[in-house]
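K.L.:
This is coords36.txt, which holds compact mmCIF, C-alpha atoms:
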# COMPACT_ATOMS: atom_id res chain seq x y z
CA MET A 1262 -15.22 96.69 -14.92
CA ILE A 1263 -12.62 94.71 -12.98
CA VAL A 1264 -10.66 91.86 -14.58
CA THR A 1265 -8.29 89.77 -12.47
CA ILE A 1266 -5.70 87.45 -14.00
CA ASP A 1267 -3.84 84.64 -12.25
CA ARG A 1268 -1.15 83.12 -14.43
CA GLU A 1269 1.44 80.40 -14.54
CA PHE A 1270 4.92 81.83 -14.90
CA GLY A 1271 5.95 81.75 -18.58
CA SER A 1272 2.40 81.29 -19.91
CA GLY A 1273 2.20 84.73 -21.49
CA GLY A 1274 -0.37 85.85 -18.93
CA ARG A 1275 1.25 89.26 -18.60
CA GLU A 1276 1.15 89.88 -22.34
CA LEU A 1277 -2.46 88.73 -22.47
CA GLY A 1278 -3.29 91.02 -19.54
CA ARG A 1279 -1.68 94.04 -21.19
CA ARG A 1280 -3.40 93.36 -24.50
CA LEU A 1281 -6.72 92.86 -22.74
CA ALA A 1282 -6.38 96.17 -20.86
CA GLU A 1283 -5.52 97.86 -24.12
CA ALA A 1284 -8.46 96.27 -25.99
CA LEU A 1285 -10.84 97.28 -23.21
CA GLY A 1286 -9.28 100.71 -22.82
CA ILE A 1287 -8.79 100.28 -19.08
CA ALA A 1288 -5.86 100.48 -16.63
CA TYR A 1289 -3.36 97.64 -16.14
CA TYR A 1290 -1.79 96.91 -12.74
CA ASP A 1291 1.02 94.50 -12.04
CA LYS A 1292 4.36 95.93 -10.84
CA GLU A 1293 2.49 99.25 -10.57
CA ILE A 1294 0.98 97.93 -7.33
CA LEU A 1295 4.45 97.52 -5.82
CA GLU A 1296 5.46 101.01 -6.92
CA GLU A 1297 2.42 102.41 -5.13
CA ILE A 1298 3.47 100.62 -1.94
CA ALA A 1299 7.04 101.92 -2.30
CA LYS A 1300 5.74 105.47 -2.63
CA LYS A 1301 3.59 105.16 0.49
CA SER A 1302 6.15 103.36 2.67
CA SER A 1303 9.82 103.24 3.61
CA TYR A 1304 10.39 99.84 1.99
CA CYS A 1305 12.43 99.61 -1.19
CA LEU A 1306 10.92 98.18 -4.38
CA GLU A 1307 13.15 95.09 -4.41
CA TYR A 1308 12.12 94.09 -0.91
CA ILE A 1309 8.44 94.67 -1.64
CA GLU A 1310 8.76 92.57 -4.78
CA SER A 1311 10.30 89.66 -2.86
CA VAL A 1312 7.37 89.70 -0.43
CA SER A 1313 4.57 90.47 -2.89
CA GLU A 1314 3.44 86.97 -3.86
CA SER A 1315 5.01 84.90 -1.10
CA LYS A 1316 3.60 83.30 1.98
CA PRO A 1317 5.04 85.50 4.76
CA MET A 1318 6.32 82.59 6.85
CA SER A 1319 8.32 81.10 4.00
CA LEU A 1320 10.33 84.32 3.77
CA LEU A 1321 11.87 83.72 7.18
CA PRO A 1322 15.25 82.00 7.49
CA ILE A 1323 14.73 78.39 8.62
CA HIS A 1324 16.46 78.69 12.03
CA TYR A 1325 13.92 81.29 13.14
CA GLY A 1326 11.40 78.50 13.44
CA GLN A 1327 13.40 76.96 16.24
CA THR A 1328 14.71 79.93 18.21
CA LEU A 1329 12.13 82.65 18.64
CA SER A 1330 13.76 86.05 18.78
CA PHE A 1331 13.16 89.72 18.16
CA GLY A 1332 14.24 89.05 14.60
CA ILE A 1333 11.27 86.93 13.70
CA ASP A 1334 8.83 89.48 15.04
CA LEU A 1335 10.39 92.31 13.12
CA THR A 1336 10.72 90.53 9.76
CA MET A 1337 7.29 89.02 10.14
CA GLN A 1338 5.78 92.38 10.99
CA GLN A 1339 7.45 94.03 8.02
CA ASN A 1340 6.23 91.35 5.63
CA MET A 1341 2.69 91.36 6.96
CA ASP A 1342 2.79 95.14 6.79
CA ILE A 1343 3.70 95.05 3.09
CA LEU A 1344 1.07 92.41 2.29
CA ALA A 1345 -1.60 94.43 4.10
CA MET A 1346 -0.57 97.51 2.11
CA GLN A 1347 -0.72 95.44 -1.05
CA ASN A 1348 -4.30 94.45 -0.30
CA THR A 1349 -5.44 97.98 0.46
CA THR A 1350 -3.61 99.28 -2.63
CA ILE A 1351 -5.40 96.71 -4.83
CA ARG A 1352 -8.78 97.77 -3.42
CA ASP A 1353 -7.86 101.41 -3.78
CA LEU A 1354 -6.80 101.06 -7.45
CA ALA A 1355 -9.89 98.94 -8.27
CA SER A 1356 -12.28 101.52 -6.80
CA ARG A 1357 -10.68 104.35 -8.77
CA SER A 1358 -11.38 102.99 -12.27
CA SER A 1359 -11.94 99.91 -14.43
CA CYS A 1360 -8.76 97.85 -14.62
CA VAL A 1361 -6.94 94.57 -15.20
CA ILE A 1362 -5.09 93.38 -12.07
CA MET A 1363 -2.44 90.67 -12.22
CA GLY A 1364 -2.31 87.96 -9.52
CA ARG A 1365 -1.91 88.70 -5.81
CA ALA A 1366 -5.22 86.98 -4.97
CA SER A 1367 -7.02 90.02 -6.39
CA GLY A 1368 -9.93 87.94 -7.72
CA TYR A 1369 -10.67 86.95 -4.13
CA LEU A 1370 -9.85 90.30 -2.50
CA LEU A 1371 -12.25 92.11 -4.82
CA ARG A 1372 -14.99 89.47 -4.84
CA ASP A 1373 -17.65 91.93 -3.68
CA MET A 1374 -16.91 93.97 -6.84
CA ASP A 1375 -17.75 90.93 -9.01
CA PRO A 1376 -14.55 90.81 -11.06
CA PHE A 1377 -14.15 88.72 -14.21
CA ARG A 1378 -11.56 86.14 -13.11
CA ILE A 1379 -9.17 84.60 -15.64
CA PHE A 1380 -6.52 81.91 -15.17
CA VAL A 1381 -3.80 81.64 -17.82
CA TYR A 1382 -1.79 78.43 -18.24
CA ALA A 1383 0.27 76.58 -20.82
CA ASP A 1384 2.12 73.33 -21.33
CA ASP A 1385 5.76 73.00 -20.23
CA ASP A 1386 7.11 73.07 -23.77
CA PHE A 1387 5.50 76.43 -24.50
CA LYS A 1388 6.60 77.95 -21.19
CA VAL A 1389 10.20 76.79 -21.59
CA LYS A 1390 10.40 78.28 -25.09
CA ARG A 1391 8.88 81.55 -23.97
CA PHE A 1392 11.20 81.82 -20.94
CA ARG A 1393 14.25 81.11 -23.10
CA LYS A 1394 13.28 83.80 -25.59
CA TYR A 1395 13.58 86.43 -22.84
CA GLY A 1396 16.57 84.93 -21.04
CA ASP A 1397 19.68 82.82 -21.59
CA GLU A 1398 19.36 80.93 -24.89
CA ASN A 1399 21.63 78.12 -23.67
CA GLU A 1400 19.84 77.35 -20.41
CA SER A 1401 18.65 73.72 -20.21
CA ASP A 1402 14.97 72.78 -20.21
CA ARG A 1403 15.38 71.22 -16.80
CA SER A 1404 16.88 74.32 -15.23
CA ILE A 1405 14.16 76.52 -16.74
CA LEU A 1406 11.37 74.20 -15.60
CA LYS A 1407 12.78 74.31 -12.08
CA LYS A 1408 12.68 78.11 -12.06
CA LEU A 1409 9.15 78.19 -13.46
CA SER A 1410 7.89 75.75 -10.90
CA GLU A 1411 9.51 77.68 -8.04
CA VAL A 1412 7.70 80.87 -9.01
CA ASP A 1413 4.39 79.03 -9.45
CA LYS A 1414 4.86 77.34 -6.10
CA ARG A 1415 5.29 80.74 -4.42
CA ARG A 1416 2.23 82.11 -6.19
CA ARG A 1417 0.16 79.05 -5.29
CA LYS A 1418 1.13 79.21 -1.63
CA TYR A 1419 0.53 82.94 -1.41
CA HIS A 1420 -2.88 82.50 -3.04
CA GLU A 1421 -3.85 79.74 -0.64
CA PHE A 1422 -2.53 81.71 2.34
CA VAL A 1423 -4.75 84.69 1.48
CA THR A 1424 -7.84 82.95 0.13
CA GLY A 1425 -7.92 79.45 1.57
CA LEU A 1426 -8.81 78.38 -1.99
CA LYS A 1427 -6.75 76.45 -4.50
CA TRP A 1428 -4.89 78.45 -7.15
CA GLY A 1429 -5.85 77.43 -10.68
CA THR A 1430 -8.95 75.42 -9.71
CA PRO A 1431 -11.53 76.00 -12.49
CA ILE A 1432 -14.54 76.71 -10.28
CA ASN A 1433 -12.77 79.77 -8.81
CA TYR A 1434 -12.42 81.37 -12.26
CA ASP A 1435 -14.76 82.52 -15.02
CA LEU A 1436 -12.39 81.54 -17.80
CA MET A 1437 -9.31 79.30 -17.98
CA VAL A 1438 -7.13 79.92 -21.00
CA ASN A 1439 -4.47 77.59 -22.40
CA THR A 1440 -2.00 79.78 -24.32
CA SER A 1441 0.11 76.88 -25.68
CA SER A 1442 -1.17 77.22 -29.23
CA ALA A 1443 -2.95 80.54 -28.84
CA ASP A 1444 -2.59 83.77 -30.73
CA LEU A 1445 -2.48 86.15 -27.76
CA LYS A 1446 -3.66 89.12 -29.79
CA ALA A 1447 -6.73 87.34 -31.20
CA LEU A 1448 -7.40 85.82 -27.79
CA ALA A 1449 -7.32 89.24 -26.09
CA THR A 1450 -9.70 90.66 -28.71
CA ALA A 1451 -12.19 87.80 -28.22
CA ILE A 1452 -12.03 87.91 -24.41
CA ALA A 1453 -12.40 91.71 -24.42
CA GLU A 1454 -15.52 91.46 -26.56
CA TYR A 1455 -16.99 88.84 -24.28
CA ILE A 1456 -16.16 90.76 -21.08
CA ARG A 1457 -17.79 93.85 -22.51
CA SER A 1458 -21.00 91.90 -23.11
CA VAL A 1459 -20.92 90.42 -19.59
CA PHE A 1460 -20.53 93.80 -17.89
CA LYS A 1461 -23.11 95.40 -20.17
CA LYS A 1462 -25.57 92.65 -19.22
CA ASN A 1463 -24.87 93.06 -15.50
CA GLN A 1464 -25.38 96.81 -15.68
CA GLY A 1465 -28.49 96.60 -17.89
CA MET B 83 -12.16 72.90 -38.17
CA ILE B 84 -12.94 70.47 -35.34
CA VAL B 85 -14.23 71.66 -31.96
CA THR B 86 -14.70 69.16 -29.12
CA ILE B 87 -16.67 69.99 -25.99
CA ASP B 88 -16.61 68.12 -22.70
CA ARG B 89 -19.20 69.39 -20.26
CA GLU B 90 -20.49 68.96 -16.75
CA PHE B 91 -24.11 67.86 -16.76
CA GLY B 92 -26.35 70.91 -16.26
CA SER B 93 -23.68 73.44 -17.19
CA GLY B 94 -25.33 74.48 -20.44
CA GLY B 95 -22.55 72.88 -22.47
CA ARG B 96 -25.00 71.52 -25.02
CA GLU B 97 -26.59 74.93 -25.61
CA LEU B 98 -23.13 76.49 -25.91
CA GLY B 99 -22.10 73.75 -28.36
CA ARG B 100 -25.18 74.27 -30.54
CA ARG B 101 -24.75 78.04 -30.54
CA LEU B 102 -21.06 77.67 -31.35
CA ALA B 103 -21.78 75.33 -34.30
CA GLU B 104 -24.37 77.80 -35.51
CA ALA B 105 -22.02 80.79 -35.16
CA LEU B 106 -19.27 78.92 -37.01
CA GLY B 107 -21.68 77.53 -39.59
CA ILE B 108 -20.51 73.95 -39.01
CA ALA B 109 -22.15 70.62 -38.10
CA TYR B 110 -23.10 69.68 -34.53
CA TYR B 111 -22.87 66.09 -33.27
CA ASP B 112 -24.15 64.79 -29.96
CA LYS B 113 -27.04 62.30 -30.02
CA GLU B 114 -26.51 62.24 -33.80
CA ILE B 115 -23.51 59.98 -33.17
CA LEU B 116 -25.76 57.42 -31.49
CA GLU B 117 -28.27 57.58 -34.33
CA GLU B 118 -25.47 56.80 -36.78
CA ILE B 119 -24.52 53.72 -34.74
CA ALA B 120 -28.16 52.60 -34.59
CA LYS B 121 -28.43 52.88 -38.37
CA LYS B 122 -25.29 50.81 -38.90
CA SER B 123 -26.00 48.13 -36.28
CA SER B 124 -28.71 45.97 -34.78
CA TYR B 125 -28.63 47.75 -31.40
CA CYS B 126 -31.52 49.99 -30.41
CA LEU B 127 -30.93 53.66 -29.66
CA GLU B 128 -31.75 53.33 -25.94
CA TYR B 129 -29.17 50.60 -25.42
CA ILE B 130 -26.53 52.52 -27.36
CA GLU B 131 -27.26 55.60 -25.26
CA SER B 132 -26.83 53.68 -22.01
CA VAL B 133 -23.40 52.50 -23.16
CA SER B 134 -22.24 55.65 -24.91
CA GLU B 135 -20.42 57.43 -22.11
CA SER B 136 -19.96 54.62 -19.61
CA LYS B 137 -17.02 52.51 -18.66
CA PRO B 138 -17.93 49.11 -20.18
CA MET B 139 -17.17 47.14 -17.00
CA SER B 140 -19.47 49.28 -14.88
CA LEU B 141 -22.39 48.28 -17.10
CA LEU B 142 -22.16 44.67 -15.98
CA PRO B 143 -24.30 43.40 -13.08
CA ILE B 144 -22.16 43.07 -9.96
CA HIS B 145 -22.39 39.24 -9.62
CA TYR B 146 -20.69 38.81 -12.98
CA GLY B 147 -17.46 39.83 -11.29
CA GLN B 148 -17.53 36.70 -9.18
CA THR B 149 -18.92 34.02 -11.47
CA LEU B 150 -17.53 34.18 -14.95
CA SER B 151 -20.03 32.95 -17.49
CA PHE B 152 -21.11 33.22 -21.08
CA GLY B 153 -23.15 36.24 -19.98
CA ILE B 154 -20.19 38.44 -19.19
CA ASP B 155 -18.55 37.71 -22.51
CA LEU B 156 -21.64 38.52 -24.49
CA THR B 157 -22.58 41.77 -22.69
CA MET B 158 -19.00 42.87 -22.60
CA GLN B 159 -18.56 42.14 -26.29
CA GLN B 160 -21.71 44.06 -27.18
CA ASN B 161 -20.65 47.06 -25.14
CA MET B 162 -17.14 47.10 -26.51
CA ASP B 163 -18.62 46.70 -29.97
CA ILE B 164 -20.81 49.78 -29.51
CA LEU B 165 -17.94 51.83 -28.07
CA ALA B 166 -15.68 50.82 -30.97
CA MET B 167 -18.40 51.87 -33.42
CA GLN B 168 -18.77 55.13 -31.54
CA ASN B 169 -15.07 55.85 -31.98
CA THR B 170 -15.06 55.06 -35.70
CA THR B 171 -18.27 57.07 -36.18
CA ILE B 172 -16.68 60.09 -34.48
CA ARG B 173 -13.62 59.84 -36.74
CA ASP B 174 -15.83 59.36 -39.75
CA LEU B 175 -18.00 62.40 -39.02
CA ALA B 176 -14.96 64.54 -38.24
CA SER B 177 -13.27 63.67 -41.53
CA ARG B 178 -16.39 64.53 -43.54
CA SER B 179 -16.65 68.20 -42.54
CA SER B 180 -15.92 70.82 -39.90
CA CYS B 181 -17.97 70.18 -36.78
CA VAL B 182 -18.59 70.52 -33.06
CA ILE B 183 -18.56 67.15 -31.26
CA MET B 184 -19.92 66.72 -27.73
CA GLY B 185 -18.03 64.58 -25.19
CA ARG B 186 -17.21 60.90 -25.75
CA ALA B 187 -13.46 61.53 -25.42
CA SER B 188 -13.54 63.06 -28.90
CA GLY B 189 -10.82 65.62 -28.09
CA TYR B 190 -8.47 62.71 -27.46
CA LEU B 191 -9.72 60.44 -30.26
CA LEU B 192 -9.21 63.19 -32.83
CA ARG B 193 -5.93 64.54 -31.42
CA ASP B 194 -4.09 64.08 -34.74
CA MET B 195 -6.65 66.45 -36.31
CA ASP B 196 -5.69 69.18 -33.83
CA PRO B 197 -9.17 69.94 -32.48
CA PHE B 198 -10.00 73.00 -30.38
CA ARG B 199 -10.87 71.43 -27.03
CA ILE B 200 -13.33 73.13 -24.68
CA PHE B 201 -14.48 72.14 -21.19
CA VAL B 202 -17.71 73.68 -19.88
CA TYR B 203 -18.45 73.79 -16.16
CA ALA B 204 -20.54 75.72 -13.64
CA ASP B 205 -21.16 76.01 -9.93
CA ASP B 206 -23.73 73.75 -8.25
CA ASP B 207 -26.25 76.52 -7.77
CA PHE B 208 -26.37 77.28 -11.49
CA LYS B 209 -26.57 73.62 -12.49
CA VAL B 210 -29.39 72.89 -10.04
CA LYS B 211 -31.42 75.85 -11.32
CA ARG B 212 -30.85 74.87 -14.93
CA PHE B 213 -31.78 71.23 -14.31
CA ARG B 214 -34.95 72.25 -12.47
CA LYS B 215 -36.00 74.52 -15.33
CA TYR B 216 -36.15 71.51 -17.66
CA GLY B 217 -37.49 68.98 -15.14
CA ASP B 218 -39.59 68.71 -12.00
CA GLU B 219 -39.92 72.12 -10.35
CA ASN B 220 -40.39 70.60 -6.91
CA GLU B 221 -37.35 68.30 -6.88
CA SER B 222 -34.98 69.06 -3.99
CA ASP B 223 -31.49 70.49 -4.52
CA ARG B 224 -30.00 67.41 -2.92
CA SER B 225 -31.79 65.00 -5.23
CA ILE B 226 -30.82 67.04 -8.31
CA LEU B 227 -27.17 67.30 -7.23
CA LYS B 228 -27.07 63.53 -6.80
CA LYS B 229 -28.33 63.01 -10.37
CA LEU B 230 -25.87 65.54 -11.77
CA SER B 231 -22.95 63.96 -10.00
CA GLU B 232 -23.94 60.47 -11.20
CA VAL B 233 -23.89 61.56 -14.84
CA ASP B 234 -20.58 63.39 -14.39
CA LYS B 235 -19.09 60.37 -12.65
CA ARG B 236 -20.00 58.17 -15.65
CA ARG B 237 -18.56 60.71 -18.07
CA ARG B 238 -15.36 61.05 -16.02
CA LYS B 239 -14.86 57.29 -15.82
CA TYR B 240 -15.56 56.78 -19.50
CA HIS B 241 -13.11 59.55 -20.38
CA GLU B 242 -10.40 58.08 -18.21
CA PHE B 243 -11.08 54.57 -19.55
CA VAL B 244 -10.57 55.75 -23.15
CA THR B 245 -7.84 58.35 -22.70
CA GLY B 246 -5.99 57.54 -19.51
CA LEU B 247 -6.22 61.29 -18.84
CA LYS B 248 -8.25 63.15 -16.26
CA TRP B 249 -11.56 64.65 -17.40
CA GLY B 250 -11.74 68.40 -16.80
CA THR B 251 -8.01 68.88 -16.13
CA PRO B 252 -7.08 72.29 -17.63
CA ILE B 253 -3.92 71.21 -19.44
CA ASN B 254 -5.95 68.78 -21.60
CA TYR B 255 -8.14 71.62 -22.94
CA ASP B 256 -7.60 74.84 -24.89
CA LEU B 257 -10.34 76.70 -23.07
CA MET B 258 -12.25 76.09 -19.83
CA VAL B 259 -15.48 78.03 -19.55
CA ASN B 260 -17.46 78.72 -16.39
CA THR B 261 -21.08 79.31 -17.45
CA SER B 262 -22.37 80.22 -13.95
CA SER B 263 -22.74 83.90 -14.76
CA ALA B 264 -22.26 83.73 -18.50
CA ASP B 265 -24.44 84.89 -21.35
CA LEU B 266 -24.22 81.76 -23.52
CA LYS B 267 -25.05 83.63 -26.71
CA ALA B 268 -22.33 86.26 -26.22
CA LEU B 269 -19.92 83.58 -25.09
CA ALA B 270 -20.55 81.49 -28.23
CA THR B 271 -20.02 84.55 -30.43
CA ALA B 272 -16.69 85.38 -28.74
CA ILE B 273 -15.41 81.79 -28.80
CA ALA B 274 -16.43 81.39 -32.44
CA GLU B 275 -14.50 84.51 -33.39
CA TYR B 276 -11.45 83.29 -31.54
CA ILE B 277 -11.61 79.78 -33.00
CA ARG B 278 -11.85 81.25 -36.50
CA SER B 279 -8.66 83.22 -35.90
CA VAL B 280 -6.86 80.15 -34.51
CA PHE B 281 -7.73 77.97 -37.50
CA LYS B 282 -6.93 80.77 -39.94
CA LYS B 283 -3.52 81.16 -38.33
CA ASN B 284 -2.81 77.41 -38.46
CA GLN B 285 -3.75 77.25 -42.12
CA GLY B 286 -1.80 80.40 -43.06
Go through the file and emit its structure as structure tokens.

P.N.:
Amino acid sequence: MIVTIDREFGSGGRELGRRLAEALGIAYYDKEILEEIAKKSSYCLEYIESVSESKPMSLLPIHYGQTLSFGIDLTMQQNMDILAMQNTTIRDLASRSSCVIMGRASGYLLRDMDPFRIFVYADDDFKVKRFRKYGDENESDRSILKKLSEVDKRRRKYHEFVTGLKWGTPINYDLMVNTSSADLKALATAIAEYIRSVFKKNQG
Amino acid sequence: MIVTIDREFGSGGRELGRRLAEALGIAYYDKEILEEIAKKSSYCLEYIESVSESKPMSLLPIHYGQTLSFGIDLTMQQNMDILAMQNTTIRDLASRSSCVIMGRASGYLLRDMDPFRIFVYADDDFKVKRFRKYGDENESDRSILKKLSEVDKRRRKYHEFVTGLKWGTPINYDLMVNTSSADLKALATAIAEYIRSVFKKNQG
């Protein structure tokens, strides 16, 4: 039983993912994927995190595009190396046991394992409030929205780089959930019940 | 408790809507809306049905666009009349009791009643198979897909005419459901349970 969750930043996707994993009694992988890569490689966690959901080219300083050098090859190789490890780690974790995996194009990477693919989104008002709750209370809506959209832009580009498919397009998901006026606990319970019935049917 | 369902033609949205109404023990309105209009007016059911989810202008013969005449005024007035009655009928039904209402921009029309808005979609393969099951077994995929897309195009245009919002855009719905590999019965049960918890929370 594999569940993959793509999520807009600030939508509560992580909380929903955790609750869903708990309700289903299965593993939950988000930052845990990066820790696995850190264990297996010489890269530090912070660097892996900066690469994890970015398009590798966009991580290069702009001037590299004009003057090709050893630098570009090395950085590029490192980044591609980390992303390749991320993909193999995701496959590895998914083959070990049932789990919920957050983002990182996992719905596409694991498509032969027939995952249940969820996309979590919310309106700006909800996301701003949620972001503020966990951060600086005095930050303006505009500044928060800019941060949210930067993270989503990275995720979208990474997703399209890996899959060639659009992030957040309904047909690429089994369920699209708007958390704006949702009770995440009740939502996780309902989705868990439904997923159980889907996997039972597919096995039966 | 108001639930509105927009649906791609062939996606099984109607079956899901019926099952959901049954699971929640509330009324279900689809063609029933048209029957109400027929009762209250002099229009026949077939004519009402042809207007029901169409953009009124697209119902006029093409040459009307060039030569304005009494004809355009009369047809246009009739169509607008039916659509206005449809809107008041939807409001009327929704104020009488809890219900599931299919399409007709009802999620938007009833927005002050805070409906739970669902969009039901599926991949082409699923929709073609489902359509063929209820129709001519020998009809080609291509011919079926053309019919499906014509109905969806009408629904999309009608929705945009009434709401000014895009049909099927996630942010305008609380839940988007892909029925391609779904068990509609289990799905209806899970959604019903979730909707109950949402409305309980909002009342509490």

K.L.:
Taking a cut-off of 8 Å and counting all atoms listed in the file, can you build a table that, for each residue of stretch 1350-1438 of chain A near stretch 1285-1289 of chain A, reports the nearest atom pair and how far apart they are in Å (one decimal), sorted by chain then residue number, as a Markdown table?

P.N.:
| residue | atom | partner | partner_atom | distance |
| --- | --- | --- | --- | --- |
| A:Ser1358 | CA | A:Ala1288 | CA | 7.5 |
| A:Ser1359 | CA | A:Ile1287 | CA | 5.6 |
| A:Cys1360 | CA | A:Ala1288 | CA | 4.4 |
| A:Val1361 | CA | A:Tyr1289 | CA | 4.8 |
| A:Ile1362 | CA | A:Tyr1289 | CA | 6.1 |

K.L.:
Using all atoms listed in the file, I'd like a table of the residues in chain A that come within 7 Å of chain B; for each, show the closest atom pair and its distance in Å rounded to one decimal, ordered by chain and ascending number, as JSON lines.

P.N.:
{"residue": "A:Ala1383", "atom": "CA", "partner": "B:Ile253", "partner_atom": "CA", "distance": 6.9}
{"residue": "A:Asp1384", "atom": "CA", "partner": "B:Ile253", "partner_atom": "CA", "distance": 6.7}
{"residue": "A:Ile1432", "atom": "CA", "partner": "B:Asp205", "partner_atom": "CA", "distance": 6.7}
{"residue": "A:Asp1435", "atom": "CA", "partner": "B:Asn260", "partner_atom": "CA", "distance": 4.9}
{"residue": "A:Leu1436", "atom": "CA", "partner": "B:Val259", "partner_atom": "CA", "distance": 5.0}
{"residue": "A:Met1437", "atom": "CA", "partner": "B:Met258", "partner_atom": "CA", "distance": 4.7}
{"residue": "A:Val1438", "atom": "CA", "partner": "B:Leu257", "partner_atom": "CA", "distance": 5.0}
{"residue": "A:Asn1439", "atom": "CA", "partner": "B:Asp256", "partner_atom": "CA", "distance": 4.9}
{"residue": "A:Ala1443", "atom": "CA", "partner": "B:Val280", "partner_atom": "CA", "distance": 6.9}
{"residue": "A:Asp1444", "atom": "CA", "partner": "B:Val280", "partner_atom": "CA", "distance": 6.8}
{"residue": "A:Ala1447", "atom": "CA", "partner": "B:Tyr276", "partner_atom": "CA", "distance": 6.2}
{"residue": "A:Leu1448", "atom": "CA", "partner": "B:Tyr276", "partner_atom": "CA", "distance": 6.1}
{"residue": "A:Ala1451", "atom": "CA", "partner": "B:Ala272", "partner_atom": "CA", "distance": 5.1}
{"residue": "A:Ile1452", "atom": "CA", "partner": "B:Ala272", "partner_atom": "CA", "distance": 6.8}
{"residue": "A:Glu1454", "atom": "CA", "partner": "B:Ala272", "partner_atom": "CA", "distance": 6.6}
{"residue": "A:Tyr1455", "atom": "CA", "partner": "B:Ala272", "partner_atom": "CA", "distance": 5.7}
{"residue": "A:Ser1458", "atom": "CA", "partner": "B:Ala268", "partner_atom": "CA", "distance": 6.6}
{"residue": "A:Val1459", "atom": "CA", "partner": "B:Asp265", "partner_atom": "CA", "distance": 6.8}

K.L.:
For A:Arg1357, find every residue with an atom within 12 Å (counting all atoms listed in the file), except residues of its own chain fewer than 5 positions away, and show them as a PyMOL selection string.

P.N.:
chain A and resi 1262-1263+1287-1288+1350-1352

K.L.:
Do a neighbour search on stretch 232-237 of chain B at 6 Å with all atoms listed in the file, toss out local chain neighbours closer than 2 positions, and write the hits as a list in words.

P.N.:
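Near stretch 232-237 of chain B, the qualifying residues are Glu135, Ser136, Lys229, Leu230, Lys239 and Tyr240 of chain B.
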
K.L.:
Do you know which residues are at most 10 Å from B:Leu192 counting all atoms listed in the file, after dropping those on the same chain fewer than 2 positions away, and could you put them as a list in words?

P.N.:
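Everything that qualifies: Ile84, Val85, Thr86, Asn169, Ile172, Arg173, Ala176, Ser177, Ala187, Ser188, Gly189, Tyr190, Asp194, Met195, Asp196 and Pro197 of chain B.
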
K.L.:
Counting all atoms listed in the file, find the residues whose atoms lie at most 9 Å from (-20.0, 54.6, -29.2) (file coordinates) and write them out as a list in words.

P.N.:
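Those within range, by chain then number, are Ile115, Leu116, Ile119, Ile130, Glu131, Val133, Ser134, Glu135, Asn161, Met162, Asp163, Ile164, Leu165, Ala166, Met167, Gln168, Asn169, Thr170, Thr171, Ile172 and Arg186 of chain B.
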
K.L.:
Quick one, how far is atom CA of A:Asp1291 from atom CA of A:Glu1400?

P.N.:
26.8 Å

K.L.:
Find the distance between atom CA of B:Gln160 and atom CA of B:Cys126 and write it in Å to one decimal.

P.N.:
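Taking atom CA of B:Gln160 and atom CA of B:Cys126, their separation equals 11.9 Å.
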
K.L.:
In file coordinates, which residues lie within 7 Å of (3.1, 91.4, -11.3) using only C-alpha atoms, given as a list in words?

P.N.:
Asp1291, Lys1292, Met1363 and Gly1364 of chain A

K.L.:
What is the atom CA of A:Met1337-atom CA of A:Phe1422 distance in Å, reported with one decimal?

P.N.:
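A separation of 14.5 Å between them.
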
K.L.:
Identify, on the basis of only C-alpha atoms, every residue whose closest approach to B:Ile226 does not exceed 12 Å; exclude the query and any residue fewer than 2 positions from it along the same chain; express the result as a JSON list (two decimals) with C-alpha atoms, keeping the file's coordinate frame.

P.N.:
[["chain", "number", "residue", "atom", "x", "y", "z"],
["B", 91, "PHE", "CA", -24.11, 67.86, -16.76],
["B", 92, "GLY", "CA", -26.35, 70.91, -16.26],
["B", 206, "ASP", "CA", -23.73, 73.75, -8.25],
["B", 207, "ASP", "CA", -26.25, 76.52, -7.77],
["B", 208, "PHE", "CA", -26.37, 77.28, -11.49],
["B", 209, "LYS", "CA", -26.57, 73.62, -12.49],
["B", 210, "VAL", "CA", -29.39, 72.89, -10.04],
["B", 211, "LYS", "CA", -31.42, 75.85, -11.32],
["B", 212, "ARG", "CA", -30.85, 74.87, -14.93],
["B", 213, "PHE", "CA", -31.78, 71.23, -14.31],
["B", 214, "ARG", "CA", -34.95, 72.25, -12.47],
["B", 215, "LYS", "CA", -36.00, 74.52, -15.33],
["B", 216, "TYR", "CA", -36.15, 71.51, -17.66],
["B", 217, "GLY", "CA", -37.49, 68.98, -15.14],
["B", 218, "ASP", "CA", -39.59, 68.71, -12.00],
["B", 219, "GLU", "CA", -39.92, 72.12, -10.35],
["B", 220, "ASN", "CA", -40.39, 70.60, -6.91],
["B", 221, "GLU", "CA", -37.35, 68.30, -6.88],
["B", 222, "SER", "CA", -34.98, 69.06, -3.99],
["B", 223, "ASP", "CA", -31.49, 70.49, -4.52],
["B", 224, "ARG", "CA", -30.00, 67.41, -2.92],
["B", 228, "LYS", "CA", -27.07, 63.53, -6.80],
["B", 229, "LYS", "CA", -28.33, 63.01, -10.37],
["B", 230, "LEU", "CA", -25.87, 65.54, -11.77],
["B", 231, "SER", "CA", -22.95, 63.96, -10.00],
["B", 232, "GLU", "CA", -23.94, 60.47, -11.20],
["B", 233, "VAL", "CA", -23.89, 61.56, -14.84]]
